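Novice: Structure in structure tokens, see below.
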Amino acid sequence: MDYDLNEQQAEVLNGLEQLIQSITIEPPHEGVFVAWGADLDAKVAEAGYYDIVAAGLDLIDGALVVERLSQLPLSVEAAISVLIAPVTGLELPRPFAIASGSALAPARFLPVAKTLLVDQDNQLFAIEVDQANVETIDTLFAYPYGKLKSLDGVKMTPMNVPVADFHRRWRISMAAEAGGLMKSALDLVIQHVTDRRAFGRPIGSFQAVQHRLVMAAEVTEGVRWLGMRAAWSDDDADAALAATYVQDSIPKFCTDLHQFCGAMGLTLEFPLHYYTYRLRALLGELGGGSGQARATTALNWGAAA
Amino acid sequence: MSAENMMSDLEEFRAEARAWLEAHIPTEHAPIDGPESRTYALDWQRKMGEGGWTGLTWPKEYGGRALNVAKQIVWFEEYARAKAPSTHDSSFVGLNHAGPTVMACGTEEQKAFHLPKLLKGEVIWCQGFSEPNAGSDLAGLRTRGVVEGDEIVVNGTKIWSSYADIADWQELLIRTDPEAQRHSGLSWVICKMDTPGITVRPIKTMAGPRKYSEIFYDNVRIPLSNVVGGLHNGWKTAMSTFAFERGTASLALQILLIYKVEALLAACPANRPVLKDRLAGLRAEAAAIRAMTYRFAIDNEHGVPGAEGSVIRLYFAELSKRVTAAAIDLFGLAHREVLADHGWAFDYFDAYSETIAGGTAEIQRDLIGERVLGLPRGGR
Amino acid sequence: MEFGWTEQQQAYRQRIRDFLDKTLPDDWDNIALHGPGSPQQTAYSKEFCPKLHAEGLFVPHWPEKFGGRGGDSWDHFILGEELWQVGEPRGAQYMSVNWIGPVLMRYGSPEQQAKFLPEILGGKVTWCQGFSEPSAGSDLAALRTHAEPVEGGYSVTGAKVWTSYAGLGDYCFLLARTSSDRKGGIVILLVDMDSPGIQVKDIPSVIGRGDIHEVFFDEVFVPADRLLGEIGQAWEIINFGLANERIGIPRYAFSEKMLHRAVERLKKDGRYNDPVIQDRLGRVLALCQAARLLVYKVIDERSKAKEPNAYGNLARWSVVRADQAVNDFMTEFMPDGLLGADPLQTAHHQRAIAAGIASGAAEIQLNLAARRHLNLPGDR
Ligand SMILES: Cc1cc2nc3c(=O)[nH]c(=O)nc-3n(C[C@H](O)[C@H](O)[C@H](O)COP(=O)(O)OP(=O)(O)OC[C@H]3O[C@@H](n4cnc5c(N)ncnc54)[C@H](O)[C@@H]3O)c2cc1C
Ligand SMILES: Cc1cc2nc3c(=O)[nH]c(=O)nc-3n(C[C@H](O)[C@H](O)[C@H](O)COP(=O)(O)OP(=O)(O)OC[C@H]3O[C@@H](n4cnc5c(N)ncnc54)[C@H](O)[C@@H]3O)c2cc1C
């Protein structure tokens, strides 16, 4: 048990940090919902960070990379490339999109993806994405979302890997990503309530605000450690547990953080929604909180008969 | 009237309301913002006015029907059942808190001029209370009004004013006595939105529409006779506005909620027992809100509503969030019930503002603690 | 960063489990039902602790020179988890092991160490903690119990309340004041509970029999050599002690254990397949595990000899939340456990309902974490 970074982990993160610092990250234009960082994504890809797990580094190193990247206001397709796609054992073209249940379901990143991974009838498939067949979904969620227009002529290549592996990594990536998003959202709001004053004092000094921010910090920490543990063990039960906690925590977390920014927090001029609307999107993944919670129960105590 | 007669009277009224709504409900959805949304809201208001369905509880001299609140409730029940256009549109401010404030605190001339116009669907009102540095702490507002002869000259900035871009009139709260402390020295004035010197900048909300605006006042001249409730006495008038805004304004919405939950329950498939469990809980809560709403509406039929309204308002706001979240869980992201204009996603984002607009949940809780529970006042 | 146990740690945990299997009597659950302060459990602890010590498992984390094994904070916590989750066969002794001993090691005089530490190791003396008073709970520094300097020591007069284990206590770790200086005027006295002038009254409560007490001091003489640390140093010592106390009891372990026991019963009763129950089980287990990992972060820092910080308050809060969630689950879905079906469930329930109050109220943890962990502003 050791909560500090080991040498390898520190090295990976330092390198990534230098890369991030060397890139000017243009704040998203005012008034957009989806802040897809095409440029940033390409640069991180070029530096090789998306391949680190495939290249043999530890899964937790990959989780740390995903967590760090998701702290940025622009979204990049890191989680799937780093943590999920390696289960296929193949080198498929990225960026990836993922879906569960049906290849026609709405999928994060599909409008920018080259490969769609989807489980259907207990079999994982890879689909080479033809963008002409992608319908972009106009959404409030801060990811590019799309769905396939049809499956006519679409080749679905079965992957030789259990769907459980796909779901495990999906859950781990959910936690790694949520951990980074929560951290940035929390930092932003703490800054806001420290600067903004009402009734002659900073609004962050009111206990009604303080207590709920501590609760937000609590779940941020919980998400982080459960997620990192799952990435460390790469265990089904740990992964389901982390994802349960993530989805269980998101509603109150997002509600409270917006609440403390007042009317300003509801505008597109204020960057909070870039984080909270990625979190909100994660809330519905893989059947939502109830799906993960029941998976957790089944993995710990046996499937329902 | 005997209880029996009262019931049959109500049922008759209900049948009338139902029949009228079925015959007249607009077939098109309301546009989400801009001038089209204004035209739509006013057309609908006019149509209801012609049918005799506006100002049900307002006095007859201002174009109302002076009915009792039970009938108002029945109307809103039928209104919800018929899926009529949301009352939370651009006519909301005028009908539900600006109008009632004028009625409670205004002069005869002000009432006679403004109230009938509201009922006839001729005007849209907006609210100019909040400022960039005065939201929860409203008494910290700085927009200045200097009395010059029979006019007040206004300079300053307001923000988050809903529908300001399409409004004719505004309930505007300004500082008219710079010497006085915080709450004293404010005035509540009726501001005509096309007065020279007013600039409106719409702000896009997370929910999508350009619903609220920032407003700049540059030497805007307002007749002194537009002050409501007395010069420098604006805090008291504004408290009436809040009493209406937090007490009775959302009557229709509070009644509507249970119908929405029931629709979700009906749509929930049998193979989603966990969700069904959750929805059933929400159904029970919506019923509780409905009961509280009726009790409150009946107890506060006359005069300015009491502080208990905040309890219901706050509960409603928080429950709305949970209901909309459940709806999205039920339908998933890409469902047309979710993504359509006025779909659940829209409601979901809108529900966020419910715990902020009209006084945040935290401020409401403070007030409930002090005024309803009688707890000692903390530092605020 | 890694989250595994070393082989040594695994073997150590197994050794504790084997020892418990071998040692605990068959009717142990029915003893544990009464709570750590009960006469039943206290009596059993006096039998149990010497056996535990003989195995080298009583204070494995204490330095060798004080009779320990020089183990680390992980040894301490693994032990705590295993014992707390079976219902704490050490009775009140966990307190001496967790924080009274360590405080004495750090701040006690050599004479005090020589007297008290070996007695703790014998497992037969019980300490109680005389901090809280009728008018000083959360606001501990408001305590009023007076220590008047007299010839050869102090004369103590005042009242303590909520004092756990006082009824069977041998010593009291007592806070009193010699001057009105809020924090600087406090002294710590190590008091013999059989000193003349001490009167103990049991307080009947819902958290277990013999657990909490009132203790009255009427001109109780305490010799000067029972002063712990130097005059003016008490607040520092208290904070050191509290940090160890706050993250001392591994409550999450007992809570998880309850869930395991619940599942066994649910399976037997054919209710395990209920999807609502499955949903709730997964969620509360996740809360327990999160609390566990937050606590482990504190233990990790402790094992690296870092100074205690406000992360402990945050972790403590998460532990309280998990405990309460499990308790709510158990009470809603397994009420028969509180009606005899599982004696240990009553014990868990009684711990859980006090989790947010004992060793510092939950709100105080939130206050401290807000200021010191998140660096949120003060009210100016
Ligand atoms: C959709 C929408 C429509 C609106 N329409 C209008 C309108 O038409 N006209 C108008 O004038 N205004 C309008 N408002 C503005 C609304 O009245 C303000 O947003 C509200 O009063 C809060 O002020 P603020 O946004 O400045 O938040 P702040 O005052 O900055 O508050 C930020 C956070 O601090 C908390 N806080 C502040 N003080 C305390 C305290 N003492 N104790 C505990 N917590 C505290 C708040 O609860 C909140 O969570 C609208 C707002 C919204 C969201
Ligand atoms: C099972 C049990 C065993 C105990 N054993 C001992 C013992 O052995 N020795 C001992 O000395 N004491 C013991 N205590 C006492 C315990 O330390 C106190 O109960 C605790 O510190 C709270 O003090 P109080 O009960 O006076 O509550 P109060 O201080 O009166 O608090 C009441 C409520 O007000 C809240 N509150 C107070 N101040 C604030 C604030 N600034 N901000 C927000 N909320 C606030 C609290 O959080 C709490 O919810 C025990 C308590 C229990 C329940």
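Ordered as shown in the structure tokens, chains take letters A, B, and onward, while each chain numbers its residues from 1 and ligands are numbered from 1 in the order shown.
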Show me which bits of chain C are within 10 Å of chain B, counting only C-alpha atoms, as a PyMOL selection string.

Specialist: chain C and resi 274-280+379

Novice: Neighbours of ligand 1 at 6 Å or closer, counting only C-alpha atoms and all ligand atoms: which residues, as an MDAnalysis selection string?

Specialist: (chainID A and resid 198 203 206 208:209 259:264) or (chainID B and resid 126:130 134:137 160:162 353 356:363 380)

Novice: At what distance in Å, to one decimal, does atom CA of Phe33 of chain A lie from atom CA of His192 of chain A?

Specialist: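 Pair atom CA of His192 of chain A / atom CA of Phe33 of chain A returns 20.9 Å.
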
Novice: Using only C-alpha atoms and all ligand atoms, which protein or nucleic acid residues are at most 7 Å from ligand 2, as a list in words?

Specialist: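 After applying the 7 Å limit, what remains is Cys128, Gln129, Gly130, Phe131, Ser132, Pro134, Ser135, Ala136, Gly137, Ser138, Asp139, Val161, Trp162, Thr163, Ser164, Tyr165, Ile207, Asp211, Ile212, Ala354, Ile357, Ala358, Ser359, Gly360, Ala361, Ala362, Glu363, Ile364 and Asn367 of chain C.
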
Novice: What are the residues of chain C lining chain A at 8 Å or less? Count only C-alpha atoms, and put the answer as a ChimeraX atom specification.

Specialist: /C:1-6,263,272-273,275,278-283,285-287,289-291,293-294,297,300,314-315,318,363,366-367,369-370,374,376-380

Novice: From the list C:Cys288, C:Ile78, C:Ala32, C:Val187, which residue is nearest Gln10 of chain C when using only C-alpha atoms?

Specialist: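 Checking each candidate against Gln10 of chain C, we get C:Ile78 as the closest.
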
Novice: Enumerate as a ChimeraX atom specification all residues of segment 9-147 of chain B assigned to strand (DSSP E or B) by DSSP on the backbone, naming them with the chain letters and numbers the document uses.

Specialist: /B:125-128,131,134,144-147

Novice: How would the residues just chosen look if you wrote them out with C-alpha atoms as a CSV table (one decimal), in the first residue's frame?

Specialist:
```
chain,number,residue,atom,x,y,z
B,125,TRP,CA,-42.7,42.2,-18.2
B,126,CYS,CA,-39.2,41.4,-17.0
B,127,GLN,CA,-37.5,41.7,-13.6
B,128,GLY,CA,-34.4,43.9,-13.1
B,131,GLU,CA,-26.6,42.9,-10.7
B,134,ALA,CA,-25.6,41.8,-6.1
B,144,ARG,CA,-28.4,54.5,-9.1
B,145,GLY,CA,-31.5,56.6,-9.6
B,146,VAL,CA,-31.3,60.4,-9.1
B,147,VAL,CA,-34.5,62.3,-8.7
```

Novice: Between atom CA of Leu186 of chain B and atom CA of Gly374 of chain B, what is the distance in Å, rounded to a tenth?

Specialist: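 Computed distance, atom CA of Leu186 of chain B to atom CA of Gly374 of chain B, equals 27.4 Å.
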
Novice: Rank A:Ala178, A:Ala47, A:Leu117, A:Ile84 by their smallest atom-to-atom distance to Glu67 of chain A, using only C-alpha atoms, and report the top residue only.

Specialist: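 Result for the nearest residue to Glu67 of chain A: A:Ala178.
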
Novice: Pick the closest to chain A from B:Ala284, B:Ala297, B:Ala15, B:Leu141: which is it, counting only C-alpha atoms?

Specialist: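 Of B:Ala284, B:Ala297, B:Ala15, B:Leu141, the one nearest chain A is B:Leu141, counting only C-alpha atoms.
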
Novice: Determine, counting only C-alpha atoms, which protein, DNA and RNA residues have an atom within 8 Å of an atom of segment 137-151 of chain A; residues of the same chain fewer than 5 positions away are not included. Present the result as number ranges by chain.

Specialist: A: 33-36, 75, 103-112, 273-275, 277-278, 280-281; B: 206-207, 334, 339, 345

Novice: Just the residues within 8 Å of Tyr352 of chain B, please, counting only C-alpha atoms, with nothing from its chain fewer than 5 positions along; format it as an NGL selection string.

Specialist: (:A and (255 or 258-259 or 266)) or (:B and (321))

Novice: Counting only C-alpha atoms, figure out which residue out of B:Pro100, B:Pro35, B:Gly140, B:Pro223 gets nearest to chain A.

Specialist: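 So, comparing all the options, the nearest one is B:Gly140.
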
Novice: Can you work out the spacing between atom CA of Ala327 of chain B and atom CA of Ala291 of chain B in Å, to one decimal?

Specialist: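 Distance reported for this atom pair: 22.8 Å.
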
Novice: Out of B:Gly49, B:Pro26, B:Gly230, B:Gly332, which residue has the shortest atom-to-atom distance to chain A when counting only C-alpha atoms?

Specialist: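 Closest to chain A of all the choices is B:Gly332.
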
Novice: Please provide as number ranges by chain all residues within 12 Å of Thr24 of chain A, with the sequence filter that same-chain residues fewer than 2 positions apart are discarded (counting only C-alpha atoms).

Specialist: A: 18-22, 26-28, 37, 39-40, 43, 72, 74

Novice: Just want the 9 Å neighbourhood of segment 86-90 of chain B, counted on only C-alpha atoms, with same-chain residues fewer than 3 positions away dropped. Output as a list in words.

Specialist: Ala30, Ile32, Asp33, Ser37, Arg38, Ala41, Leu42, Ala80, Lys83, Val93, Gly94, Ile124, Trp125, Cys126, Ser162, Tyr163, Ile166, Ala167, Ser250, Ala252 and Leu253 of chain B
